[in-house]
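Source file: protein_24.cif; contents: mmCIF, C-alpha atoms.
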data_structure
loop_
_atom_site.label_atom_id
_atom_site.label_comp_id
_atom_site.auth_asym_id
_atom_site.auth_seq_id
_atom_site.Cartn_x
_atom_site.Cartn_y
_atom_site.Cartn_z
CA MET A 1 65.09 -74.39 0.79
CA ALA A 2 64.94 -72.25 -2.37
CA ALA A 3 61.46 -73.57 -3.20
CA GLU A 4 60.22 -72.60 0.24
CA ALA A 5 61.55 -69.06 -0.14
CA VAL A 6 59.81 -68.68 -3.51
CA ALA A 7 56.54 -69.93 -2.02
CA VAL A 8 56.74 -67.37 0.79
CA GLU A 9 57.44 -64.55 -1.70
CA VAL A 10 54.48 -65.57 -3.89
CA ALA A 11 52.19 -65.73 -0.83
CA ALA A 12 53.37 -62.28 0.31
CA ALA A 13 52.80 -60.77 -3.15
CA THR A 14 49.28 -62.24 -3.35
CA ALA A 15 48.46 -60.97 0.12
CA SER A 16 49.72 -57.43 -0.59
CA ALA A 17 47.72 -57.30 -3.89
CA ALA A 18 44.56 -58.28 -2.04
CA GLY A 19 45.33 -55.72 0.66
CA LEU A 20 45.83 -52.92 -1.86
CA LYS A 21 42.54 -53.85 -3.52
CA ALA A 22 40.80 -53.59 -0.14
CA VAL A 23 42.42 -50.20 0.52
CA GLY A 24 41.35 -49.02 -2.96
CA ALA A 25 37.79 -50.20 -2.38
CA GLY A 26 37.70 -48.46 0.98
CA LEU A 27 38.97 -45.22 -0.53
CA ALA A 28 36.45 -45.44 -3.39
CA VAL A 29 33.49 -45.69 -1.01
CA GLY A 30 34.92 -43.43 1.71
CA LEU A 31 35.98 -40.50 -0.46
CA ALA A 32 32.78 -40.69 -2.49
CA GLY A 33 30.84 -40.58 0.79
CA VAL A 34 32.77 -37.56 2.09
CA GLY A 35 32.35 -35.73 -1.24
CA SER A 36 28.63 -36.31 -1.47
CA GLY A 37 28.26 -35.37 2.21
CA LEU A 38 29.88 -32.01 1.54
CA GLY A 39 27.61 -31.48 -1.45
CA GLU A 40 24.53 -32.46 0.51
CA MET A 41 25.37 -30.00 3.29
CA GLY A 42 24.60 -27.01 1.08
CA ILE A 43 21.72 -28.62 -0.76
CA GLY A 44 20.18 -29.90 2.48
CA ALA A 45 20.41 -26.49 4.18
CA ALA A 46 18.81 -24.77 1.20
CA ALA A 47 16.18 -27.51 0.95
CA MET A 48 15.28 -27.10 4.63
CA GLY A 49 14.98 -23.35 4.11
CA ALA A 50 12.69 -23.80 1.11
CA VAL A 51 10.53 -26.44 2.87
CA ALA A 52 10.24 -24.27 6.00
CA GLU A 53 8.69 -21.53 3.84
CA ASN A 54 6.67 -23.75 1.53
CA LYS A 55 5.71 -27.28 2.62
CA ASP A 56 4.80 -28.25 -0.95
CA MET A 57 8.50 -28.17 -1.80
CA PHE A 58 9.20 -31.22 0.37
CA GLY A 59 9.24 -33.87 -2.38
CA LEU A 60 11.38 -31.85 -4.76
CA ALA A 61 13.70 -30.73 -1.95
CA LEU A 62 14.22 -34.33 -0.83
CA LEU A 63 15.00 -35.39 -4.38
CA PHE A 64 17.63 -32.66 -4.79
CA THR A 65 19.13 -33.43 -1.38
CA VAL A 66 19.76 -37.09 -2.20
CA LEU A 67 21.03 -36.49 -5.75
CA PRO A 68 24.71 -36.46 -4.67
CA GLU A 69 24.16 -39.94 -3.21
CA THR A 70 24.54 -41.26 -6.77
CA ILE A 71 28.27 -40.52 -6.47
CA VAL A 72 28.44 -42.93 -3.51
CA ILE A 73 26.78 -45.60 -5.67
CA PHE A 74 29.51 -45.09 -8.29
CA GLY A 75 32.08 -45.46 -5.50
CA LEU A 76 30.38 -48.63 -4.27
CA VAL A 77 30.32 -50.12 -7.80
CA VAL A 78 34.05 -49.42 -8.20
CA ALA A 79 34.69 -51.00 -4.78
CA LEU A 80 32.70 -54.12 -5.67
CA LEU A 81 34.50 -54.44 -9.02
CA LEU A 82 37.82 -54.20 -7.23
CA MET A 83 36.90 -56.76 -4.62
CA PHE A 84 35.26 -59.41 -6.81
CA GLN A 85 36.97 -59.24 -10.20
CA MET B 1 27.92 -11.80 20.18
CA VAL B 2 27.10 -15.38 19.18
CA GLN B 3 29.61 -16.67 16.67
CA ASN B 4 28.33 -19.10 14.09
CA THR B 5 30.23 -22.40 14.32
CA GLY B 6 28.05 -24.44 12.00
CA GLY B 7 29.97 -23.75 8.76
CA PRO B 8 28.16 -22.31 5.77
CA ALA B 9 24.92 -24.30 6.28
CA PRO B 10 23.09 -21.74 8.49
CA TYR B 11 23.88 -18.97 5.98
CA ILE B 12 22.55 -21.09 3.12
CA TYR B 13 19.42 -21.96 5.12
CA VAL B 14 18.59 -18.36 6.01
CA SER B 15 19.41 -16.98 2.57
CA THR B 16 17.12 -19.53 0.93
CA ARG B 17 14.28 -18.82 3.36
CA LEU B 18 14.49 -15.11 2.70
CA ARG B 19 14.71 -15.65 -1.04
CA VAL B 20 11.49 -17.65 -0.88
CA ARG B 21 9.89 -14.87 1.16
CA LYS B 22 11.09 -12.29 -1.31
CA ALA B 23 9.48 -14.29 -4.11
CA LYS B 24 6.19 -14.17 -2.16
CA LEU B 25 6.14 -10.36 -2.15
CA LEU B 26 3.58 -8.69 -4.38
CA ALA B 27 4.44 -8.58 -8.08
CA PRO B 28 4.39 -5.24 -9.99
CA GLU B 29 1.24 -6.38 -11.87
CA GLU B 30 -0.61 -6.62 -8.55
CA TYR B 31 0.03 -2.94 -7.91
CA GLN B 32 -1.26 -2.09 -11.37
CA ARG B 33 -4.43 -4.05 -10.63
CA MET B 34 -4.87 -2.28 -7.30
CA LEU B 35 -4.59 1.11 -8.97
CA ASN B 36 -7.82 0.33 -10.81
CA MET B 37 -9.68 -0.81 -7.68
CA SER B 38 -11.69 0.97 -5.02
CA LEU B 39 -10.52 1.11 -1.38
CA PRO B 40 -12.81 -1.71 -0.11
CA GLU B 41 -11.63 -3.91 -2.99
CA ILE B 42 -8.01 -3.17 -2.11
CA ILE B 43 -8.64 -4.07 1.54
CA ARG B 44 -10.20 -7.36 0.46
CA LEU B 45 -7.27 -8.11 -1.86
CA ILE B 46 -4.71 -7.30 0.84
CA GLY B 47 -6.71 -9.54 3.21
CA GLU B 48 -6.13 -12.44 0.84
CA THR B 49 -2.35 -12.08 0.78
CA GLU B 50 0.37 -12.45 3.41
CA TYR B 51 -1.41 -9.77 5.45
CA GLN B 52 -4.49 -11.91 6.00
CA LYS B 53 -3.77 -12.71 9.66
CA GLU B 54 -3.33 -9.06 10.63
CA VAL B 55 -6.36 -7.89 8.64
CA ASP B 56 -8.51 -10.59 10.32
CA GLU B 57 -7.18 -9.79 13.79
CA LEU B 58 -7.64 -6.04 13.48
CA GLY B 59 -10.86 -6.13 11.44
CA THR B 60 -13.01 -5.76 14.55
CA SER B 61 -11.13 -2.75 15.95
CA PHE B 62 -10.39 -0.75 12.79
CA GLU B 63 -11.93 -0.13 9.43
CA GLY B 64 -11.09 1.45 6.10
CA ILE B 65 -7.75 3.14 5.72
CA ASP B 66 -6.92 2.76 9.45
CA LEU B 67 -7.27 -1.01 9.14
CA ILE B 68 -4.78 -1.08 6.25
CA GLU B 69 -2.34 1.25 8.01
CA VAL B 70 -2.27 -0.73 11.26
CA ALA B 71 -2.31 -4.15 9.58
CA LEU B 72 0.64 -3.18 7.36
CA SER B 73 2.62 -1.84 10.33
CA TRP B 74 1.95 -4.94 12.42
CA ASN B 75 2.91 -7.24 9.59
CA LEU B 76 6.12 -5.33 8.90
CA ALA B 77 7.12 -5.43 12.57
CA LYS B 78 6.33 -9.13 12.83
CA GLU B 79 8.30 -9.97 9.68
CA TYR B 80 11.34 -8.02 10.83
CA GLN B 81 11.33 -9.66 14.25
CA ARG B 82 11.15 -13.06 12.54
CA VAL B 83 14.13 -12.21 10.36
CA ILE B 84 16.14 -11.26 13.46
CA ASP B 85 15.24 -14.61 15.03
CA LEU B 86 16.31 -16.47 11.90
CA ALA B 87 19.62 -14.72 11.22
CA PRO B 88 22.64 -16.76 12.36
CA GLY B 89 25.82 -15.56 14.10
CA ALA B 90 27.27 -12.26 12.95
CA LEU B 91 24.39 -11.73 10.54
CA LYS B 92 22.05 -11.30 13.51
CA GLU B 93 24.17 -8.44 14.80
CA PHE B 94 24.24 -6.77 11.38
CA THR B 95 20.49 -7.19 10.97
CA MET B 96 19.73 -5.80 14.42
CA ALA B 97 21.99 -2.82 13.83
CA TYR B 98 20.37 -2.20 10.46
CA LEU B 99 16.89 -2.32 11.99
CA ARG B 100 17.77 0.20 14.65
CA ARG B 101 16.46 2.86 12.25
CA TRP B 102 12.95 1.75 13.25
CA ASP B 103 13.76 2.58 16.86
CA ILE B 104 14.68 6.07 15.71
CA TYR B 105 11.45 6.32 13.74
CA ASN B 106 9.42 5.19 16.78
CA VAL B 107 11.14 7.47 19.27
CA LEU B 108 10.77 10.52 17.00
CA THR B 109 7.12 9.66 16.31
CA ILE B 110 6.43 9.49 20.06
CA LEU B 111 8.26 12.77 20.70
CA ARG B 112 6.47 14.56 17.86
CA GLY B 113 3.10 13.12 18.88
CA LYS B 114 3.60 14.24 22.47
CA MET B 115 4.67 17.68 21.32
CA GLN B 116 1.47 18.03 19.30
CA GLY B 117 -0.65 16.77 22.19
CA MET B 118 -1.87 13.65 20.42
CA LYS B 119 -3.50 10.82 22.35
CA GLU B 120 -1.43 7.77 23.30
CA GLY B 121 -3.66 5.41 21.32
CA LYS B 122 -3.35 7.47 18.17
CA ILE B 123 0.45 7.58 18.42
CA LYS B 124 0.56 3.85 19.11
CA GLU B 125 -1.27 3.13 15.85
CA VAL B 126 1.60 4.48 13.79
CA LEU B 127 4.48 2.89 15.69
CA ILE B 128 6.34 0.04 14.03
CA PRO B 129 8.16 -1.98 16.71
CA ALA B 130 10.58 -3.59 14.26
CA GLY B 131 13.83 -2.70 15.99
CA SER B 132 15.36 -3.37 19.40
CA LEU B 133 12.73 -1.35 21.30
CA ASP B 134 9.83 -3.79 21.53
CA LYS B 135 6.16 -3.14 22.24
CA VAL B 136 6.65 -3.28 26.03
CA VAL B 137 9.39 -0.65 26.03
CA LEU B 138 7.51 1.56 23.57
CA ASP B 139 4.35 1.34 25.73
CA ARG B 140 6.39 2.45 28.73
CA VAL B 141 7.87 5.35 26.77
CA LEU B 142 4.42 6.28 25.46
CA GLY B 143 3.08 6.41 29.00
CA GLU B 144 5.46 9.24 29.96
CA GLU B 145 3.90 12.67 30.13
CA SER B 146 6.61 15.16 29.26
CA CYS B 147 9.16 15.33 26.50
CA GLU B 148 12.12 15.09 28.90
CA ARG B 149 10.65 12.09 30.68
CA VAL B 150 10.34 10.30 27.34
CA ALA B 151 14.10 10.62 26.98
CA ASP B 152 14.62 9.34 30.54
CA ALA B 153 12.52 6.27 29.78
CA LEU B 154 14.97 5.42 26.99
CA LYS B 155 17.89 4.89 29.36
CA GLY B 156 19.60 1.66 28.37
CA TRP B 157 18.90 2.13 24.66
CA LYS B 158 22.09 2.21 22.62
CA MET B 159 21.31 5.66 21.26
CA TYR B 160 20.29 7.16 24.58
CA PRO B 161 23.40 9.41 24.80
CA THR B 162 22.52 11.06 21.47
CA VAL B 163 18.89 11.53 22.56
CA ALA B 164 19.93 12.90 25.95
CA ALA B 165 22.27 15.41 24.27
CA GLY B 166 19.67 16.81 21.88
CA ILE B 167 16.38 16.46 23.71
CA GLN B 168 16.49 19.74 25.64
CA ASP B 169 16.93 21.85 22.51
CA GLY B 170 14.31 19.85 20.64
CA CYS B 171 11.71 20.18 23.39
CA ALA B 172 12.39 23.91 23.76
CA ALA B 173 12.19 24.58 20.01
CA GLY B 174 9.28 22.18 19.44
CA SER B 175 11.15 20.64 16.50
CA PHE B 176 13.21 17.47 16.46
CA ALA B 177 14.78 17.86 13.03
CA LYS B 178 18.25 18.40 14.51
CA LEU B 179 17.90 15.42 16.84
CA GLU B 180 16.72 13.34 13.91
CA ASN B 181 19.82 14.28 11.92
CA GLU B 182 22.06 13.43 14.83
CA LEU B 183 20.38 10.08 15.43
CA TYR B 184 20.67 9.04 11.79
CA LYS B 185 24.29 10.15 11.64
CA GLN B 186 24.96 8.09 14.76
CA LEU B 187 23.14 5.12 13.24
CA TYR B 188 25.30 5.16 10.11
CA ALA B 189 28.47 5.70 12.14
CA ASP B 190 27.56 2.64 14.23
CA LEU B 191 26.80 0.58 11.14
CA LEU B 192 30.17 1.49 9.62
CA THR B 193 31.95 0.62 12.87
CA ILE B 194 30.26 -2.78 13.06
CA ALA B 195 31.00 -3.48 9.38
CA ARG B 196 34.68 -2.55 9.76
CA ARG B 197 35.26 -4.60 12.91
CA GLY B 198 36.65 -7.52 10.92
CA VAL B 199 33.79 -9.95 11.59
CA LYS B 200 33.23 -12.47 8.80
CA GLY B 201 30.91 -10.99 6.17
CA GLY B 202 31.63 -7.46 7.39
CA SER B 203 33.10 -6.28 4.08
CA GLN B 204 29.86 -7.15 2.29
CA PHE B 205 27.84 -5.33 4.92
CA LEU B 206 30.16 -2.36 4.51
CA LYS B 207 29.45 -2.23 0.75
CA PHE B 208 25.75 -2.21 1.48
CA VAL B 209 25.92 0.53 4.08
CA GLN B 210 28.18 2.71 1.91
CA LEU B 211 25.82 2.36 -1.04
CA GLU B 212 22.95 3.41 1.17
CA ILE B 213 24.85 6.42 2.53
CA ASP B 214 25.78 7.50 -1.02
CA ILE B 215 22.20 7.25 -2.26
CA LYS B 216 20.87 9.03 0.83
CA ASN B 217 23.35 11.87 0.41
CA ILE B 218 22.59 12.22 -3.30
CA LYS B 219 18.85 12.28 -2.55
CA THR B 220 19.34 14.94 0.13
CA LEU B 221 21.47 16.94 -2.29
CA PHE B 222 18.81 16.89 -5.02
CA ARG B 223 16.06 17.72 -2.52
CA MET B 224 18.01 20.72 -1.26
CA ARG B 225 18.64 21.94 -4.74
CA GLY B 226 14.94 21.54 -5.49
CA ASP B 227 14.03 23.60 -2.43
CA GLY B 228 16.68 26.22 -3.25
CA TYR B 229 18.44 25.72 0.10
CA GLU B 230 21.74 27.56 -0.27
CA GLU B 231 22.93 27.91 3.31
CA ASP B 232 25.50 25.66 4.98
CA ALA B 233 24.02 22.19 4.58
CA ARG B 234 26.92 20.11 5.86
CA GLU B 235 25.05 18.97 8.94
CA PHE B 236 22.43 17.27 6.76
CA PHE B 237 24.91 14.98 5.02
CA ILE B 238 26.26 11.71 6.33
CA SER B 239 29.98 11.09 6.29
CA GLY B 240 31.77 7.76 5.94
CA SER B 241 31.27 6.90 2.28
CA THR B 242 32.34 8.23 -1.15
CA PHE B 243 31.60 11.92 -0.53
CA THR B 244 32.42 14.08 2.49
CA PRO B 245 29.81 16.58 3.74
CA GLU B 246 32.11 19.39 2.52
CA GLU B 247 32.15 18.03 -1.04
CA LEU B 248 28.38 17.66 -1.02
CA GLN B 249 28.01 21.20 0.26
CA GLN B 250 30.13 22.41 -2.69
CA MET B 251 27.92 20.48 -5.08
CA ASN B 252 24.85 22.06 -3.49
CA GLN B 253 26.21 25.44 -4.48
CA MET B 254 26.86 24.53 -8.11
CA SER B 255 24.65 26.36 -10.57
CA SER B 256 23.38 23.63 -12.91
CA ARG B 257 22.18 20.10 -12.35
CA ASN B 258 24.50 18.79 -15.08
CA GLU B 259 27.48 20.18 -13.22
CA VAL B 260 26.41 18.32 -10.05
CA ILE B 261 25.88 15.09 -11.95
CA ASP B 262 29.33 15.42 -13.58
CA ALA B 263 30.89 15.87 -10.13
CA ILE B 264 29.11 12.79 -8.75
CA VAL B 265 29.72 10.59 -11.80
CA GLY B 266 33.46 11.25 -11.64
CA ARG B 267 33.68 9.58 -8.24
CA ILE B 268 31.21 6.71 -8.42
CA SER B 269 32.00 3.26 -9.79
CA SER B 270 28.62 1.52 -9.55
CA ALA B 271 27.34 1.02 -13.13
CA ALA B 272 23.70 1.01 -12.06
CA LEU B 273 24.03 4.29 -10.20
CA LEU B 274 25.95 5.84 -13.10
CA SER B 275 23.19 5.06 -15.61
CA ALA B 276 20.54 6.32 -13.18
CA LEU B 277 22.44 9.57 -12.75
CA GLU B 278 22.75 9.99 -16.51
CA GLU B 279 18.97 9.72 -16.77
CA LEU B 280 18.60 12.49 -14.21
CA ARG B 281 20.20 15.00 -16.58
CA THR B 282 16.78 15.56 -18.12
CA GLU B 283 14.50 17.93 -16.24
CA LYS B 284 12.80 15.64 -13.77
CA SER B 285 10.91 16.64 -10.65
CA GLU B 286 12.56 16.05 -7.26
CA GLN B 287 10.07 13.32 -6.48
CA GLU B 288 10.85 11.49 -9.74
CA VAL B 289 14.57 11.79 -8.98
CA ASP B 290 13.92 10.33 -5.56
CA ALA B 291 11.95 7.37 -6.91
CA GLU B 292 14.58 6.77 -9.59
CA LEU B 293 17.40 6.66 -7.04
CA THR B 294 15.44 4.33 -4.74
CA LYS B 295 14.84 1.92 -7.62
CA THR B 296 18.53 2.03 -8.50
CA GLN B 297 19.44 1.31 -4.90
CA LEU B 298 17.14 -1.73 -4.79
CA ASP B 299 18.47 -3.02 -8.13
CA HIS B 300 22.04 -2.64 -6.96
CA MET B 301 21.26 -4.39 -3.67
CA GLU B 302 19.64 -7.21 -5.62
CA GLN B 303 22.77 -7.49 -7.76
CA LEU B 304 24.99 -7.64 -4.68
CA SER B 305 22.81 -10.37 -3.23
CA LYS B 306 23.34 -12.42 -6.37
CA ILE B 307 27.09 -11.91 -6.33
CA ASN B 308 27.24 -12.89 -2.64
CA PRO B 309 24.38 -15.39 -2.34
CA PHE B 310 25.14 -16.59 1.19
CA SER B 311 25.90 -13.34 2.96
CA ILE B 312 24.07 -10.49 4.68
CA HIS B 313 22.83 -9.22 1.27
CA PRO B 314 19.81 -11.53 0.74
CA ILE B 315 18.62 -10.61 4.26
CA LEU B 316 18.94 -6.88 3.72
CA VAL B 317 17.41 -7.01 0.25
CA TYR B 318 14.37 -8.74 1.71
CA LEU B 319 14.10 -6.17 4.51
CA GLU B 320 14.24 -3.32 2.01
CA LYS B 321 11.84 -4.88 -0.48
CA LYS B 322 9.36 -5.65 2.28
CA LYS B 323 9.61 -2.07 3.48
CA TYR B 324 8.81 -0.77 0.00
CA GLU B 325 5.94 -3.23 -0.41
CA VAL B 326 4.33 -1.79 2.72
CA PHE B 327 5.20 1.71 1.50
CA ASN B 328 3.52 1.04 -1.89
CA LEU B 329 0.39 -0.48 -0.38
CA ARG B 330 0.07 2.43 2.00
CA ALA B 331 0.56 4.91 -0.85
CA ILE B 332 -2.13 3.19 -2.94
CA ALA B 333 -4.58 3.06 -0.01
CA ARG B 334 -3.95 6.66 1.02
CA GLY B 335 -4.13 7.84 -2.58
CA LYS B 336 -7.40 6.03 -3.18
CA GLU B 337 -8.85 7.48 -0.01
CA SER B 338 -7.91 10.98 -1.20
CA ARG B 339 -9.48 10.15 -4.58
CA LEU B 340 -6.24 10.65 -6.51
CA ALA B 341 -6.01 9.35 -10.06
CA GLY B 342 -4.25 6.03 -10.61
CA ASP B 343 -1.52 7.66 -12.71
CA THR B 344 -0.73 10.14 -9.93
CA ILE B 345 -0.46 7.39 -7.32
CA ALA B 346 1.70 5.28 -9.67
CA LYS B 347 4.38 8.01 -9.65
CA TYR B 348 4.90 7.48 -5.93
CA LEU B 349 5.30 3.71 -6.11
CA VAL B 350 8.65 1.98 -5.92
CA ILE B 351 8.24 -0.96 -8.29
#
Kindly transcribe the structure held in the file into structure tokens.
Amino acid sequence: MAAEAVAVEVAAATASAAGLKAVGAGLAVGLAGVGSGLGEMGIGAAAMGAVAENKDMFGLALLFTVLPETIVIFGLVVALLLMFQ
Amino acid sequence: MVQNTGGPAPYIYVSTRLRVRKAKLLAPEEYQRMLNMSLPEIIRLIGETEYQKEVDELGTSFEGIDLIEVALSWNLAKEYQRVIDLAPGALKEFTMAYLRRWDIYNVLTILRGKMQGMKEGKIKEVLIPAGSLDKVVLDRVLGEESCERVADALKGWKMYPTVAAGIQDGCAAGSFAKLENELYKQLYADLLTIARRGVKGGSQFLKFVQLEIDIKNIKTLFRMRGDGYEEDAREFFISGSTFTPEELQQMNQMSSRNEVIDAIVGRISSAALLSALEELRTEKSEQEVDAELTKTQLDHMEQLSKINPFSIHPILVYLEKKKYEVFNLRAIARGKESRLAGDTIAKYLVI
């Protein structure tokens, strides 16, 4: 009887640890995505303005617009480390 | 009024576009080069810049100085209409209100042209349809024969009541100076009302309008002193900013220029304007004072646009700088046509 109870407790603890890892991974990717999205809003609007006036700016404008995406990659790396360590 | 619901992005978009356009305006070195050129060379150079389309379009109908005049006016009107189209939300309303001064310019030009018996075509050449009265409306107004009928054709224009009130006296006297004063006073009163209405960005617009009123009043004050006008000048000043017309009238009656500058400096907080006023203590001609104050105004506007990068300021700075670019090009072309020396023309430029 006692052994069964211990087994259930161990299973529950393992499950909740895995769940918390999943939540952490989700937050890492999600919050990084929201943050970079907010950053890209301003950069994207300015980039569109610059490209509308001067088409030659397109390449540079695109580069600047996607720069905040690197933050999402950091988030993704943290999520993967959490999930597969 | 259309309220902007797209967050800050439309403001950022428009501000960036206008900053790029401002960067495309002619550099001071270009003006220096033009001062050493002949009129045909200047026309060719202007034809290679942002004015190319207008110069090409009008090249068959006009030549020489007329070509430059009309091409510059067309380009200015086109640019201003584009800016109105671009401006988002409340900024559109501010921009339109600010550009209403061109309506005043056009209406007074038509009235004065009619009074002097000029031909419709000749008056039309100098109109700049950059405000709310577009080409169609202005053509209709131009088609009217008498002075009173011109006013009637303006029914529906926001400033019609002011025109209607002053047109009879103006037509009878053959001078519209009083009407002009009234219209500009009304314009600034409207701008202050719009800025104080509590719309987002209004406080920045208010700063801009108040700076302009201050500079305009100070310029008028120095011009009056230069002309030795000592009668009651209150009606020529605009109220609503740092100085009241009564205070300005008192300054007009002060004996020395230093005394006037002391009185102004005591009330003004803008560092740029303060240093410009200090420079005016030396004996400068009225025209130099005028140019100095205009430069200070542009510098201060530029500063404001950097402090508030995503507001009405970048739009208004572009509008003003574009206006002075056209003003400078016109001054160079006119000066060259009159065979003035480069140094003399340079004094009139706002660089």
Fewer than 3 positions away in the same chain doesn't count, so skip those; otherwise give me all residues within 8 Å of B:Pro40, counting only C-alpha atoms, as an mmCIF file with C-alpha atoms, in the frame of the given file.
data_model
loop_
_atom_site.group_PDB
_atom_site.id
_atom_site.type_symbol
_atom_site.label_atom_id
_atom_site.label_comp_id
_atom_site.auth_asym_id
_atom_site.auth_seq_id
_atom_site.Cartn_x
_atom_site.Cartn_y
_atom_site.Cartn_z
ATOM 1 C CA ILE B 43 -8.640 -4.070 1.540
ATOM 2 C CA ARG B 44 -10.200 -7.360 0.460
ATOM 3 C CA GLY B 64 -11.090 1.450 6.100
#
Adding 5 Å on each side of the box along x, y and z that holds all listed atoms of stretch 60-72 of chain A, could you give its centre and edge lengths in Å to one decimal, as AutoDock Vina command-line options?
--center_x 19.9 --center_y -36.8 --center_z -3.8 --size_x 27.1 --size_y 22.2 --size_z 15.9
Hey, could you make a per-residue contact list for chain B against chain A with 12 Å as the cut-off, showing the nearest pair of atoms and its distance in Å to one decimal, counting only C-alpha atoms, sorted by chain and number, as JSON lines?
{"residue": "B:Gly6", "atom": "CA", "partner": "A:Met41", "partner_atom": "CA", "distance": 10.7}
{"residue": "B:Gly7", "atom": "CA", "partner": "A:Met41", "partner_atom": "CA", "distance": 9.5}
{"residue": "B:Pro8", "atom": "CA", "partner": "A:Gly42", "partner_atom": "CA", "distance": 7.5}
{"residue": "B:Ala9", "atom": "CA", "partner": "A:Ala45", "partner_atom": "CA", "distance": 5.4}
{"residue": "B:Pro10", "atom": "CA", "partner": "A:Ala45", "partner_atom": "CA", "distance": 7.0}
{"residue": "B:Tyr11", "atom": "CA", "partner": "A:Ala45", "partner_atom": "CA", "distance": 8.5}
{"residue": "B:Ile12", "atom": "CA", "partner": "A:Ala46", "partner_atom": "CA", "distance": 5.6}
{"residue": "B:Tyr13", "atom": "CA", "partner": "A:Ala45", "partner_atom": "CA", "distance": 4.7}
{"residue": "B:Val14", "atom": "CA", "partner": "A:Gly49", "partner_atom": "CA", "distance": 6.4}
{"residue": "B:Ser15", "atom": "CA", "partner": "A:Gly49", "partner_atom": "CA", "distance": 7.9}
{"residue": "B:Thr16", "atom": "CA", "partner": "A:Gly49", "partner_atom": "CA", "distance": 5.4}
{"residue": "B:Arg17", "atom": "CA", "partner": "A:Gly49", "partner_atom": "CA", "distance": 4.6}
{"residue": "B:Leu18", "atom": "CA", "partner": "A:Gly49", "partner_atom": "CA", "distance": 8.4}
{"residue": "B:Arg19", "atom": "CA", "partner": "A:Ala50", "partner_atom": "CA", "distance": 8.7}
{"residue": "B:Val20", "atom": "CA", "partner": "A:Ala50", "partner_atom": "CA", "distance": 6.6}
{"residue": "B:Arg21", "atom": "CA", "partner": "A:Glu53", "partner_atom": "CA", "distance": 7.3}
{"residue": "B:Lys22", "atom": "CA", "partner": "A:Glu53", "partner_atom": "CA", "distance": 10.8}
{"residue": "B:Ala23", "atom": "CA", "partner": "A:Glu53", "partner_atom": "CA", "distance": 10.8}
{"residue": "B:Lys24", "atom": "CA", "partner": "A:Glu53", "partner_atom": "CA", "distance": 9.8}
{"residue": "B:Leu86", "atom": "CA", "partner": "A:Gly49", "partner_atom": "CA", "distance": 10.5}
{"residue": "B:Pro309", "atom": "CA", "partner": "A:Ala46", "partner_atom": "CA", "distance": 11.5}
{"residue": "B:Phe310", "atom": "CA", "partner": "A:Ala46", "partner_atom": "CA", "distance": 10.3}
Residue selection dump (C-alpha atoms) as a compact mmCIF listing (two decimals), in the coordinates of the input:
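File written: again-v4.txt
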# COMPACT_ATOMS: atom_id res chain seq x y z
CA GLY B 6 28.05 -24.44 12.00
CA GLY B 7 29.97 -23.75 8.76
CA PRO B 8 28.16 -22.31 5.77
CA ALA B 9 24.92 -24.30 6.28
CA PRO B 10 23.09 -21.74 8.49
CA TYR B 11 23.88 -18.97 5.98
CA ILE B 12 22.55 -21.09 3.12
CA TYR B 13 19.42 -21.96 5.12
CA VAL B 14 18.59 -18.36 6.01
CA SER B 15 19.41 -16.98 2.57
CA THR B 16 17.12 -19.53 0.93
CA ARG B 17 14.28 -18.82 3.36
CA LEU B 18 14.49 -15.11 2.70
CA ARG B 19 14.71 -15.65 -1.04
CA VAL B 20 11.49 -17.65 -0.88
CA ARG B 21 9.89 -14.87 1.16
CA LYS B 22 11.09 -12.29 -1.31
CA ALA B 23 9.48 -14.29 -4.11
CA LYS B 24 6.19 -14.17 -2.16
CA LEU B 86 16.31 -16.47 11.90
CA PRO B 309 24.38 -15.39 -2.34
CA PHE B 310 25.14 -16.59 1.19
Item to check | Protein, DNA and RNA residues within 9 Å of (10.7, 3.9, -8.3), all atoms listed in the file, as JSON, numbers by chain | outcome: {"B": [288, 289, 290, 291, 292, 293, 294, 295, 296, 347, 348, 349, 350, 351]}
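Residue nearest A:Gly39, chosen from A:Ile71, A:Val78, A:Val23, A:Ala18 and counting all atoms listed in the file: A:Ile71.
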All residues 9 Å or closer to B:Met159, all atoms listed in the file, same chain fewer than 3 positions away omitted, as a PDB file with C-alpha atoms, in the coordinates of the input:
ATOM      1  CA  ILE B 104      14.680   6.070  15.710  1.00  0.00           C
ATOM      2  CA  LEU B 154      14.970   5.420  26.990  1.00  0.00           C
ATOM      3  CA  LYS B 155      17.890   4.890  29.360  1.00  0.00           C
ATOM      4  CA  GLY B 156      19.600   1.660  28.370  1.00  0.00           C
ATOM      5  CA  THR B 162      22.520  11.060  21.470  1.00  0.00           C
ATOM      6  CA  VAL B 163      18.890  11.530  22.560  1.00  0.00           C
ATOM      7  CA  ALA B 164      19.930  12.900  25.950  1.00  0.00           C
ATOM      8  CA  LEU B 183      20.380  10.080  15.430  1.00  0.00           C
ATOM      9  CA  GLN B 186      24.960   8.090  14.760  1.00  0.00           C
ATOM     10  CA  LEU B 187      23.140   5.120  13.240  1.00  0.00           C
TER      11      LEU B 187
END
